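Enquirer: Input start.cif, format and content: mmCIF, C-alpha atoms.
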```cif
data_run
loop_
_atom_site.label_atom_id
_atom_site.label_comp_id
_atom_site.auth_asym_id
_atom_site.auth_seq_id
_atom_site.Cartn_x
_atom_site.Cartn_y
_atom_site.Cartn_z
CA ALA H 123 0.00 0.00 0.00
CA SER H 124 2.84 2.39 0.85
CA LEU H 125 4.46 1.75 -2.52
CA ARG H 126 1.19 2.53 -4.31
CA GLY H 127 0.89 5.76 -2.33
CA MET H 128 4.45 6.71 -3.19
CA ALA H 129 3.74 6.06 -6.87
CA ARG H 130 0.69 8.34 -6.72
CA CYS H 131 2.79 11.09 -5.18
CA MET H 132 5.52 10.70 -7.79
CA SER H 133 2.98 10.86 -10.63
CA THR H 134 1.66 14.30 -9.60
CA HIS H 135 2.14 16.64 -12.55
CA SER H 136 3.16 20.30 -12.52
CA ALA H 137 1.38 22.98 -14.54
CA GLY H 138 4.31 23.02 -16.95
CA GLY H 139 4.14 19.26 -17.29
CA ALA H 140 0.42 19.46 -18.01
CA GLY H 141 1.13 21.89 -20.83
CA LEU H 142 3.59 19.48 -22.43
CA ARG H 143 1.16 16.59 -22.06
CA ALA H 144 -1.61 18.57 -23.73
CA ALA H 145 0.65 19.54 -26.64
CA LEU H 146 1.77 15.97 -27.12
CA GLN H 147 -1.80 14.68 -26.95
CA THR H 148 -2.80 17.04 -29.75
CA GLN H 149 0.00 15.63 -31.90
CA LEU H 150 -0.95 12.06 -30.99
CA ASP H 151 -4.56 12.73 -31.94
CA GLY H 152 -3.35 13.97 -35.30
CA ILE H 153 -1.35 10.77 -35.87
CA ARG H 154 -4.44 8.69 -35.13
CA ALA H 155 -6.60 10.85 -37.40
CA ALA H 156 -4.11 10.42 -40.26
CA GLY H 157 -4.34 6.65 -39.96
CA THR H 158 -0.62 6.30 -39.25
CA TRP H 159 -0.80 5.25 -35.59
CA LYS H 160 1.71 2.46 -34.89
CA ALA H 161 -0.01 -0.08 -32.65
CA GLU H 162 2.10 -2.84 -31.14
CA ARG H 163 0.73 -6.35 -31.46
CA ILE H 164 1.62 -8.57 -28.52
CA ILE H 165 3.42 -11.83 -29.36
CA THR H 166 3.07 -14.59 -26.77
CA SER H 167 5.59 -17.09 -28.22
CA PRO H 168 9.25 -17.10 -29.20
CA GLN H 169 10.11 -15.35 -32.46
CA SER H 170 9.70 -17.77 -35.36
CA SER H 171 8.05 -18.22 -38.74
CA ASN H 172 5.02 -19.42 -36.75
CA ILE H 173 4.03 -17.32 -33.74
CA THR H 174 1.10 -16.82 -31.41
CA VAL H 175 -0.43 -13.39 -30.93
CA GLN H 176 -2.44 -12.10 -28.00
CA GLY H 177 -6.16 -12.18 -28.75
CA ARG H 178 -5.93 -14.88 -31.43
CA THR H 179 -6.61 -18.53 -30.88
CA LYS H 180 -4.58 -19.93 -33.79
CA PRO H 181 -0.87 -19.50 -34.62
CA VAL H 182 -0.07 -17.09 -37.43
CA LEU H 183 2.65 -17.04 -40.06
CA ASN H 184 5.14 -14.25 -39.46
CA PHE H 185 6.30 -12.45 -42.61
CA CYS H 186 7.73 -9.25 -41.13
CA ALA H 187 10.61 -10.24 -38.84
CA ASN H 188 14.29 -9.55 -39.42
CA ASN H 189 14.82 -13.23 -38.57
CA TYR H 190 16.28 -13.91 -42.00
CA LEU H 191 18.02 -17.19 -41.15
CA GLY H 192 15.32 -18.40 -38.77
CA LEU H 193 17.81 -18.70 -35.90
CA ALA H 194 16.08 -16.55 -33.27
CA ASN H 195 14.54 -19.65 -31.70
CA ASN H 196 17.15 -22.20 -32.80
CA ALA H 197 17.72 -24.86 -30.13
CA ALA H 198 21.53 -24.79 -30.41
CA VAL H 199 21.57 -20.98 -30.18
CA ILE H 200 19.37 -21.04 -27.07
CA ALA H 201 21.57 -23.72 -25.51
CA ALA H 202 24.66 -21.60 -26.17
CA ALA H 203 23.00 -18.60 -24.54
CA LYS H 204 22.10 -20.67 -21.47
CA HIS H 205 25.63 -22.05 -21.27
CA ALA H 206 27.09 -18.53 -21.34
CA LEU H 207 24.74 -17.57 -18.49
CA ASP H 208 26.10 -20.47 -16.45
CA THR H 209 29.76 -19.79 -17.21
CA HIS H 210 29.88 -15.98 -17.44
CA GLY H 211 26.81 -14.71 -15.59
CA ASN H 212 23.88 -12.47 -16.47
CA GLY H 213 25.75 -9.22 -17.02
CA LEU H 214 28.88 -7.24 -16.25
CA SER H 215 27.42 -4.12 -14.56
CA SER H 216 30.11 -2.14 -16.31
CA VAL H 217 31.26 -0.52 -19.49
CA ARG H 218 34.00 -2.29 -21.39
CA PHE H 219 37.06 -0.28 -20.32
CA ILE H 220 36.37 -0.51 -16.57
CA CYS H 221 35.51 -4.14 -15.82
CA GLY H 222 33.18 -5.14 -18.63
CA THR H 223 35.38 -7.17 -20.98
CA GLN H 224 35.29 -10.96 -20.73
CA ASP H 225 37.16 -13.51 -22.79
CA ILE H 226 34.02 -14.28 -24.80
CA HIS H 227 33.65 -10.63 -25.84
CA LYS H 228 37.13 -10.74 -27.34
CA GLN H 229 36.36 -14.11 -28.96
CA LEU H 230 33.24 -12.68 -30.60
CA GLU H 231 35.07 -9.59 -31.84
CA ARG H 232 37.73 -11.84 -33.38
CA ALA H 233 35.05 -14.07 -34.97
CA ILE H 234 33.22 -11.06 -36.46
CA ALA H 235 36.44 -9.62 -37.93
CA ASP H 236 37.33 -13.00 -39.42
CA PHE H 237 33.81 -13.45 -40.82
CA HIS H 238 34.09 -10.16 -42.72
CA GLY H 239 37.77 -10.51 -43.61
CA GLN H 240 38.71 -7.45 -41.52
CA GLU H 241 41.52 -6.76 -39.05
CA ASP H 242 39.53 -6.12 -35.88
CA ALA H 243 36.02 -5.49 -34.51
CA ILE H 244 34.37 -3.64 -31.63
CA LEU H 245 31.02 -4.52 -30.04
CA TYR H 246 28.20 -2.08 -29.24
CA ALA H 247 24.80 -2.38 -27.58
CA SER H 248 23.21 -1.89 -31.02
CA CYS H 249 24.14 -0.92 -34.56
CA PHE H 250 22.34 2.35 -33.87
CA ASP H 251 25.06 2.96 -31.29
CA ALA H 252 27.78 1.89 -33.73
CA ASN H 253 26.50 4.44 -36.25
CA ALA H 254 26.02 7.09 -33.56
CA GLY H 255 29.56 6.63 -32.29
CA ILE H 256 31.74 6.31 -35.37
CA PHE H 257 31.65 9.68 -37.15
CA GLU H 258 32.35 11.91 -34.17
CA ALA H 259 35.19 9.65 -33.05
CA LEU H 260 36.95 9.41 -36.42
CA LEU H 261 36.34 12.72 -38.19
CA THR H 262 37.48 16.29 -37.51
CA PRO H 263 36.39 19.65 -38.94
CA GLU H 264 39.11 19.16 -41.57
CA ASP H 265 37.35 16.04 -42.91
CA ALA H 266 34.23 15.42 -44.99
CA VAL H 267 31.51 12.80 -44.77
CA ILE H 268 29.47 12.01 -47.89
CA SER H 269 26.20 10.18 -47.24
CA ASP H 270 23.44 8.67 -49.39
CA GLU H 271 20.26 10.70 -48.85
CA LEU H 272 18.23 7.61 -47.91
CA ASN H 273 20.65 6.19 -45.37
CA HIS H 274 19.25 4.77 -42.15
CA ALA H 275 18.17 7.19 -39.42
CA SER H 276 21.04 6.07 -37.19
CA ILE H 277 23.57 7.11 -39.85
CA ILE H 278 21.85 10.46 -40.26
CA ASP H 279 21.92 11.03 -36.50
CA GLY H 280 25.54 9.91 -36.24
CA VAL H 281 26.64 12.25 -39.01
CA ARG H 282 24.88 15.16 -37.28
CA LEU H 283 27.02 14.61 -34.19
CA CYS H 284 30.35 15.04 -35.95
CA LYS H 285 32.06 18.31 -36.90
CA ALA H 286 33.15 17.21 -40.36
CA ARG H 287 31.87 18.87 -43.51
CA LYS H 288 28.65 17.14 -44.54
CA GLU H 289 27.58 16.26 -48.09
CA ARG H 290 24.55 14.27 -49.21
CA TYR H 291 24.28 12.63 -52.60
CA LYS H 292 21.11 11.54 -54.37
CA HIS H 293 20.05 8.00 -53.66
CA ARG H 294 22.40 5.53 -55.40
CA ASP H 295 23.32 8.29 -57.85
CA LEU H 296 26.95 7.77 -58.83
CA ALA H 297 27.23 11.02 -60.79
CA ASP H 298 26.02 13.02 -57.80
CA LEU H 299 28.40 11.12 -55.53
CA GLU H 300 31.29 11.98 -57.82
CA GLN H 301 30.35 15.66 -57.73
CA ALA H 302 30.42 15.54 -53.92
CA LEU H 303 33.85 13.90 -54.06
CA LYS H 304 35.09 16.66 -56.37
CA ARG H 305 33.70 19.38 -54.07
CA THR H 306 35.55 17.95 -51.07
CA GLN H 307 39.01 17.35 -52.53
CA ASP H 308 40.49 19.85 -50.09
CA ALA H 309 39.42 17.74 -47.08
CA ARG H 310 42.01 15.90 -45.00
CA CYS H 311 40.01 12.66 -45.16
CA ARG H 312 36.73 11.80 -46.90
CA LEU H 313 34.36 9.12 -45.72
CA ILE H 314 31.62 7.80 -48.02
CA VAL H 315 28.81 6.12 -46.06
CA THR H 316 25.93 4.09 -47.47
CA ASP H 317 23.56 1.37 -46.44
CA GLY H 318 24.53 -1.87 -48.15
CA VAL H 319 20.82 -2.67 -48.42
CA PHE H 320 18.20 0.03 -47.84
CA SER H 321 15.69 -1.39 -45.42
CA MET H 322 12.48 0.26 -46.58
CA ASP H 323 12.87 -0.33 -50.32
CA GLY H 324 14.99 -3.48 -50.28
CA ASN H 325 17.32 -2.06 -52.93
CA VAL H 326 21.06 -2.59 -52.91
CA ALA H 327 23.81 0.02 -53.09
CA PRO H 328 25.95 -0.14 -56.27
CA LEU H 329 28.98 -1.01 -54.18
CA ALA H 330 31.40 -1.95 -56.95
CA GLU H 331 30.92 1.44 -58.60
CA ILE H 332 31.09 3.28 -55.26
CA ARG H 333 34.30 1.39 -54.47
CA ALA H 334 35.78 2.50 -57.79
CA LEU H 335 34.93 6.15 -57.07
CA ALA H 336 36.32 5.90 -53.55
CA ASP H 337 39.60 4.55 -54.94
CA GLN H 338 39.72 7.18 -57.69
CA TYR H 339 39.30 10.06 -55.22
CA GLY H 340 41.15 8.57 -52.25
CA ALA H 341 38.08 8.21 -50.01
CA THR H 342 37.27 5.65 -47.32
CA LEU H 343 34.13 3.54 -47.75
CA LEU H 344 31.85 2.65 -44.81
CA ILE H 345 28.69 0.55 -45.19
CA ASP H 346 25.84 -0.39 -42.87
CA GLU H 347 25.16 -4.10 -43.37
CA CYS H 348 22.28 -4.69 -40.96
CA HIS H 349 20.02 -6.06 -43.68
CA ALA H 350 22.71 -8.17 -45.33
CA THR H 351 25.00 -9.77 -42.74
CA GLY H 352 24.64 -13.53 -42.50
CA PHE H 353 22.28 -14.15 -45.40
CA PHE H 354 23.02 -11.93 -48.41
CA GLY H 355 25.70 -13.03 -50.84
CA LYS H 356 26.61 -16.64 -51.59
CA THR H 357 27.96 -17.40 -48.11
CA GLY H 358 26.16 -14.63 -46.18
CA ARG H 359 29.08 -12.20 -46.15
CA GLY H 360 26.75 -9.44 -47.28
CA THR H 361 26.70 -6.76 -49.93
CA PRO H 362 30.46 -6.79 -50.70
CA GLU H 363 30.22 -10.51 -51.47
CA HIS H 364 27.05 -9.96 -53.52
CA HIS H 365 28.93 -7.41 -55.65
CA ASN H 366 32.31 -9.18 -55.48
CA THR H 367 34.03 -6.09 -54.10
CA THR H 368 35.52 -4.78 -50.86
CA VAL H 369 34.84 -1.98 -48.38
CA ASP H 370 36.97 -0.38 -45.69
CA ILE H 371 34.63 -0.36 -42.68
CA ILE H 372 31.45 -2.32 -41.90
CA ASN H 373 28.84 -1.48 -39.27
CA SER H 374 26.25 -4.18 -38.65
CA THR H 375 23.99 -5.86 -36.12
CA LEU H 376 23.60 -9.02 -34.08
CA GLY H 377 19.86 -8.31 -33.79
CA LYS H 378 18.64 -9.54 -37.16
CA ALA H 379 19.98 -12.63 -38.95
CA LEU H 380 22.63 -13.34 -36.30
CA GLY H 381 20.22 -14.62 -33.67
CA GLY H 382 17.84 -11.70 -33.39
CA ALA H 383 18.69 -10.53 -29.86
CA LEU H 384 20.57 -7.23 -29.69
CA GLY H 385 24.00 -5.79 -30.25
CA GLY H 386 25.97 -4.17 -33.03
CA TYR H 387 29.54 -3.77 -34.14
CA THR H 388 32.10 -1.98 -36.26
CA THR H 389 34.72 -4.04 -38.08
CA GLY H 390 37.58 -2.70 -40.12
CA PRO H 391 41.22 -1.57 -39.87
CA ALA H 392 42.89 -1.92 -36.50
CA GLU H 393 43.50 1.83 -36.27
CA VAL H 394 39.79 2.53 -36.71
CA VAL H 395 38.77 0.04 -34.04
CA ASN H 396 41.44 1.25 -31.62
CA MET H 397 40.30 4.86 -32.02
CA LEU H 398 36.68 3.85 -31.40
CA ARG H 399 37.72 2.12 -28.17
CA GLN H 400 39.33 5.38 -27.06
CA LYS H 401 36.75 7.93 -28.20
CA SER H 402 33.39 6.43 -29.26
CA ARG H 403 30.88 7.70 -26.73
CA PRO H 404 28.21 4.95 -27.05
CA TYR H 405 30.98 2.38 -26.44
CA LEU H 406 32.57 4.23 -23.55
CA PHE H 407 29.31 5.05 -21.75
CA SER H 408 27.10 1.97 -22.36
CA ASN H 409 27.08 -1.35 -20.58
CA THR H 410 28.80 -4.25 -22.26
CA LEU H 411 26.77 -6.87 -24.12
CA PRO H 412 25.27 -9.59 -21.87
CA PRO H 413 27.19 -12.89 -21.94
CA SER H 414 24.11 -14.79 -23.12
CA VAL H 415 23.96 -12.67 -26.30
CA VAL H 416 27.68 -13.09 -26.87
CA GLY H 417 27.53 -16.86 -26.46
CA ALA H 418 24.50 -17.16 -28.70
CA THR H 419 26.11 -15.08 -31.46
CA LEU H 420 29.27 -17.17 -31.40
CA GLU H 421 27.06 -20.20 -31.96
CA VAL H 422 25.22 -18.48 -34.84
CA LEU H 423 28.49 -17.68 -36.62
CA GLY H 424 29.47 -21.31 -36.19
CA LEU H 425 26.18 -22.49 -37.66
CA ILE H 426 26.58 -20.24 -40.70
CA ALA H 427 30.09 -21.61 -41.25
CA LYS H 428 28.86 -25.21 -40.97
CA ASP H 429 25.74 -24.82 -43.12
CA PRO H 430 26.34 -22.78 -46.29
CA THR H 431 22.83 -23.70 -47.51
CA LEU H 432 21.16 -21.19 -45.18
CA PRO H 433 21.68 -18.12 -47.43
CA ALA H 434 20.66 -20.20 -50.46
CA LYS H 435 17.39 -21.10 -48.72
CA VAL H 436 16.64 -17.40 -48.15
CA GLN H 437 17.34 -16.67 -51.81
CA ALA H 438 15.16 -19.54 -53.06
CA ASN H 439 12.26 -18.52 -50.82
CA THR H 440 12.63 -14.90 -51.95
CA ALA H 441 12.45 -15.87 -55.64
CA HIS H 442 9.36 -18.03 -54.94
CA PHE H 443 7.52 -15.23 -53.14
CA ARG H 444 8.40 -12.47 -55.59
CA ARG H 445 7.44 -14.58 -58.59
CA ALA H 446 4.07 -15.55 -57.15
CA MET H 447 3.19 -12.04 -55.93
CA ALA H 448 4.05 -10.46 -59.27
CA ALA H 449 1.91 -13.07 -61.04
CA ALA H 450 -0.99 -12.15 -58.72
CA GLY H 451 -0.73 -8.52 -59.88
CA PHE H 452 1.03 -6.80 -56.98
CA THR H 453 3.69 -4.11 -57.39
CA LEU H 454 6.90 -4.99 -55.56
CA LEU H 455 9.99 -2.87 -54.98
CA GLY H 456 13.48 -3.98 -54.12
CA ASP H 457 16.31 -6.00 -55.54
CA PRO H 458 15.07 -9.35 -56.89
CA ALA H 459 17.74 -11.17 -54.88
CA HIS H 460 16.91 -9.58 -51.53
CA PRO H 461 14.32 -10.90 -49.04
CA ILE H 462 12.93 -7.44 -48.23
CA CYS H 463 9.88 -7.36 -50.48
CA PRO H 464 7.88 -4.10 -50.23
CA ILE H 465 4.28 -4.51 -51.47
CA MET H 466 3.33 -1.02 -52.63
CA LEU H 467 -0.10 0.32 -51.64
CA GLY H 468 0.40 4.12 -51.58
CA ASP H 469 -2.22 5.20 -49.05
CA ALA H 470 -1.26 5.07 -45.36
CA ARG H 471 -4.71 4.15 -44.08
CA LEU H 472 -5.01 1.40 -46.70
CA ALA H 473 -1.68 -0.08 -45.59
CA VAL H 474 -2.85 -0.29 -41.96
CA GLN H 475 -6.22 -1.77 -42.94
CA PHE H 476 -4.56 -4.22 -45.31
CA ALA H 477 -2.22 -5.47 -42.55
CA ASP H 478 -5.16 -5.86 -40.14
CA ALA H 479 -7.07 -7.86 -42.76
CA MET H 480 -4.03 -10.08 -43.31
CA LEU H 481 -3.95 -10.90 -39.61
CA GLN H 482 -7.52 -12.14 -39.95
CA GLN H 483 -6.09 -14.48 -42.59
CA ASP H 484 -3.50 -15.67 -40.03
CA ILE H 485 -0.64 -13.82 -41.71
CA PHE H 486 1.34 -11.36 -39.57
CA VAL H 487 2.54 -8.32 -41.58
CA ILE H 488 2.73 -4.61 -40.79
CA GLY H 489 1.84 -1.51 -42.79
CA PHE H 490 4.58 1.11 -43.18
CA SER H 491 3.72 4.77 -43.77
CA TYR H 492 5.05 8.28 -43.14
CA PRO H 493 7.38 9.18 -41.45
CA VAL H 494 9.02 5.76 -41.89
CA VAL H 495 8.53 6.05 -45.67
CA PRO H 496 7.66 9.10 -47.83
CA VAL H 497 4.09 10.38 -48.03
CA GLY H 498 2.17 8.45 -50.70
CA LYS H 499 4.60 5.50 -50.56
CA ALA H 500 2.85 3.38 -47.90
CA ARG H 501 3.45 -0.33 -48.15
CA ILE H 502 3.45 -3.74 -46.55
CA ARG H 503 7.10 -4.74 -46.08
CA VAL H 504 7.38 -8.52 -46.32
CA GLN H 505 10.58 -10.18 -45.15
CA ILE H 506 11.37 -13.71 -46.21
CA SER H 507 13.18 -16.17 -43.94
CA ALA H 508 15.04 -19.43 -44.40
CA ALA H 509 12.55 -20.79 -41.84
CA HIS H 510 9.61 -20.33 -44.22
CA SER H 511 8.51 -23.44 -46.09
CA SER H 512 7.19 -23.41 -49.65
CA GLU H 513 3.75 -24.07 -48.18
CA ASP H 514 4.11 -21.03 -45.88
CA ILE H 515 4.88 -18.82 -48.86
CA ASP H 516 1.96 -20.19 -50.87
CA ARG H 517 -0.37 -19.52 -47.92
CA ALA H 518 0.87 -15.94 -47.63
CA VAL H 519 0.48 -15.26 -51.35
CA ALA H 520 -3.04 -16.71 -51.31
CA ALA H 521 -3.96 -14.47 -48.37
CA PHE H 522 -2.46 -11.40 -50.06
CA THR H 523 -4.47 -12.21 -53.16
CA ARG H 524 -7.75 -12.55 -51.26
CA VAL H 525 -7.25 -9.32 -49.30
CA GLY H 526 -5.87 -7.46 -52.29
CA THR H 527 -8.92 -8.41 -54.37
CA GLN H 528 -11.34 -7.46 -51.59
CA MET H 529 -9.69 -4.06 -51.15
CA GLY H 530 -9.39 -3.32 -54.86
CA VAL H 531 -5.59 -3.37 -54.89
CA ILE H 532 -5.51 -6.08 -57.57
CA ARG H 533 -8.10 -7.38 -59.98
CA ALA H 534 -9.82 -10.71 -59.42
#
```
Translate this structure into structure tokens?
Expert:
Amino acid sequence: ASLRGMARCMSTHSAGGAGLRAALQTQLDGIRAAGTWKAERIITSPQSSNITVQGRTKPVLNFCANNYLGLANNAAVIAAAKHALDTHGNGLSSVRFICGTQDIHKQLERAIADFHGQEDAILYASCFDANAGIFEALLTPEDAVISDELNHASIIDGVRLCKARKERYKHRDLADLEQALKRTQDARCRLIVTDGVFSMDGNVAPLAEIRALADQYGATLLIDECHATGFFGKTGRGTPEHHNTTVDIINSTLGKALGGALGGYTTGPAEVVNMLRQKSRPYLFSNTLPPSVVGATLEVLGLIAKDPTLPAKVQANTAHFRRAMAAAGFTLLGDPAHPICPIMLGDARLAVQFADAMLQQDIFVIGFSYPVVPVGKARIRVQISAAHSSEDIDRAVAAFTRVGTQMGVIRA
């Protein structure tokens, strides 16, 4: 009872606080009125291709997770996480440079660097943190950073934090990139940054051509590989492997294909990693990754090394889904080889209603609208997994076809 009373006292709001709440409520009402409110469905099972959702009696097929390799609920990965809990505890209660570095953290950093063919790696709590911490730590006012205009929000925020000269080039536009390189030839160092795969459209950066321009103008090339690591390219080494080229620095995540928990990293030259350990604020001021995540990710990297068919399964499933959806009359964006498959609908309210109708068909997808994507470009973003069977994909396409016909998106 005393705790409840204390909570009531603590929740008393000042007049100034009431003003903020009222202003925010007006904005929230506007989001609801626009049909772009982001409701959170409650999952009551582990992440998988088949999940259970609060309020529904039957399992549903999940077609919107970043669980590209289907390893989020893999038995060996879970066992490795449990083993790390037993051997290394629940957490470190520390940042890395004080007393937060265990042997398994160093093992994982070595494994990540080896996986990407780089010299060294550094772990973060998320790839958002890796992107937030890299530009300020590496670049000075004498440098320049040149960024694709549709890069992920974490890259945009990270670039804002640094004092380097900032240039944006039009999305995947090599001529515009070259102009930015020409404008910045007086800079001490130039860093080109691009997503390897752009998460909303599923399109792939022209890395080989960007690499050529970087070499021509003496620039460093950094890519965000969150939607490529582990499953894109013949052996899952990502966009550089897909394009048969190289990059200088890679930022990526442990929270998608590599087990789906949390964590991010930078991998690249030893000098880059060493400087990040000294100066990167998200690294210096955030707790170290939990041992269970570290142990699980080591197991995932081992599974990818042992089973080279996993990326091929993603690619085969992607081709199956894209072919069937196009035949049904839907408009899809994205690279044909990539498992991000945006189903274009245009109207924000339609996207939300379409996703709700799909749930009634036992298919879990989500509508994406502004500000996540541009106004008028609302969509259902489907993501294909190695865990999906051919029958799962056929069920999803059949449900899309029924709902699309009912809503007038496609013709019967």
Enquirer: Suppose a student applies the PyMOL selection byres ((chain H and resi 453) around 6) to this structure; what residues should they get, written as a ChimeraX atom specification?
Expert: /H:452,454,465-466
Enquirer: Write the residues you've just listed into a file as a PDB file, keeping the file's coordinate frame, and include C-alpha atoms for each of them.
Expert:
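Generated file (result35.pdb):
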```pdb
ATOM      1  CA  PHE H 452       1.030  -6.800 -56.980  1.00  0.00           C
ATOM      2  CA  LEU H 454       6.900  -4.990 -55.560  1.00  0.00           C
ATOM      3  CA  ILE H 465       4.280  -4.510 -51.470  1.00  0.00           C
ATOM      4  CA  MET H 466       3.330  -1.020 -52.630  1.00  0.00           C
TER       5      MET H 466
END
```
Enquirer: The residues within 8 Å of (18.9, -13.1, -52.4), using only C-alpha atoms and the coordinates of the file, should be reported as a PyMOL selection string; which are they?
Expert: chain H and resi 353-355+433-434+436-438+440-441+458-461
Enquirer: Quick one: pull the distance between atom CA of H:Gly386 and atom CA of H:Leu335, Å, one decimal.
Expert: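 Answer for the atom CA of H:Gly386 to atom CA of H:Leu335 separation: 27.7 Å.
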Enquirer: With the PyMOL selection byres ((chain H and resi 163) around 9) as the selection, what would be picked from this file? Answer as a ChimeraX atom specification, please.
Expert: /H:161-162,164-165,175-176
Enquirer: Starting from the shown file, work through the PyMOL selection byres ((chain H and resi 237-245) around 10) and note down what comes out as an MDAnalysis selection string.
Expert: chainID H and resid 218 227:228 230:236 246:249 251:252 351:352 358:360 362:363 368:376 385:396 398:399 405 410:411 416 423 426:427
Enquirer: For each of H:Asn188, H:Asn273, H:Gln301, H:Thr361, take the minimum atom-to-atom distance to H:Thr316, counting only C-alpha atoms, then give the residue where this is smallest.
Expert: H:Asn273
Enquirer: List as a JSON list (two decimals) with C-alpha atoms, in the coordinates of the input the protein and nucleic acid residues near H:Asp457, meaning an atom at most 7 Å away when all atoms listed in the file are counted, but skip any in the same chain fewer than 5 places from it.
Expert:
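Saved to out.json:
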```
[["chain", "number", "residue", "atom", "x", "y", "z"],
["H", 324, "GLY", "CA", 14.99, -3.48, -50.28],
["H", 325, "ASN", "CA", 17.32, -2.06, -52.93],
["H", 326, "VAL", "CA", 21.06, -2.59, -52.91]]
```
Enquirer: Any idea what's packed within 6 Å of stretch 484-487 of chain H, counting all atoms listed in the file, ignoring anything in its chain fewer than 4 positions away? Could you give it as an MDAnalysis selection string?
Expert: chainID H and resid 182:186 477 480
Enquirer: Using all atoms listed in the file, can you tell me which of H:Gln338, H:Ala383, H:Ile278, H:Leu467 comes closest to H:Val415?
Expert: H:Ala383
Enquirer: How far is it from atom CA of H:Ala508 to atom CA of H:Leu193, in Å with one decimal?
Expert: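 Taking atom CA of H:Ala508 and atom CA of H:Leu193, their separation equals 9.0 Å.
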Enquirer: Pick the closest to H:Arg501 from H:Thr158, H:Asn439, H:Ser414, H:Gln224: which is it, counting all atoms listed in the file?
Expert: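 Checking each of H:Thr158, H:Asn439, H:Ser414, H:Gln224 against H:Arg501, counting all atoms listed in the file, the winner is H:Thr158.
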Enquirer: May I have the residues within 12 Å of H:Ala473 as a PyMOL selection string, using all atoms listed in the file and disregarding those fewer than 4 positions away in the same chain?
Expert: chain H and resi 157-160+464-469+477-480+487-492+495+498-503+525-526+529+531
Enquirer: What lies within 7 Å of H:Gln169 using all atoms listed in the file, ignoring chain neighbours under 4 positions off, as an MDAnalysis selection string?
Expert: chainID H and resid 173 194:195
Enquirer: Enter the distance from atom CA of H:Ala202 to atom CA of H:Ile226, in Å, rounded to one decimal.
Expert: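 Calculated distance between atom CA of H:Ala202 and atom CA of H:Ile226 is 12.0 Å.
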Enquirer: Contacts of H:Ala449 at 12 Å or less, counting all atoms listed in the file, minus same-chain residues fewer than 4 places along, as a PDB file with C-alpha atoms, in the coordinates of the input?
Expert:
```pdb
ATOM      1  CA  HIS H 442       9.360 -18.030 -54.940  1.00  0.00           C
ATOM      2  CA  PHE H 443       7.520 -15.230 -53.140  1.00  0.00           C
ATOM      3  CA  ARG H 444       8.400 -12.470 -55.590  1.00  0.00           C
ATOM      4  CA  ARG H 445       7.440 -14.580 -58.590  1.00  0.00           C
ATOM      5  CA  THR H 453       3.690  -4.110 -57.390  1.00  0.00           C
ATOM      6  CA  LEU H 454       6.900  -4.990 -55.560  1.00  0.00           C
ATOM      7  CA  VAL H 519       0.480 -15.260 -51.350  1.00  0.00           C
ATOM      8  CA  ALA H 520      -3.040 -16.710 -51.310  1.00  0.00           C
ATOM      9  CA  PHE H 522      -2.460 -11.400 -50.060  1.00  0.00           C
ATOM     10  CA  THR H 523      -4.470 -12.210 -53.160  1.00  0.00           C
ATOM     11  CA  ILE H 532      -5.510  -6.080 -57.570  1.00  0.00           C
ATOM     12  CA  ARG H 533      -8.100  -7.380 -59.980  1.00  0.00           C
TER      13      ARG H 533
END
```
Enquirer: From the options H:Phe407, H:Lys356, H:Val281, H:Thr367, which residue's atoms come nearest to H:Arg333, counting only C-alpha atoms?
Expert: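 Checking each of H:Phe407, H:Lys356, H:Val281, H:Thr367 against H:Arg333, counting only C-alpha atoms, the winner is H:Thr367.
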Enquirer: H:Cys348, H:Ile332, H:Ala259, H:Ala379: which is nearest H:Tyr190, counting only C-alpha atoms?
Expert: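 Ranking H:Cys348, H:Ile332, H:Ala259, H:Ala379 by distance to H:Tyr190, first place goes to H:Ala379.
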Enquirer: Measuring between only C-alpha atoms, which one of H:Lys378, H:Lys435, H:Arg471, H:Lys180 shows the shortest distance to H:Ala509?
Expert: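 Once distances to H:Ala509 are computed over only C-alpha atoms, the minimum belongs to H:Lys435.
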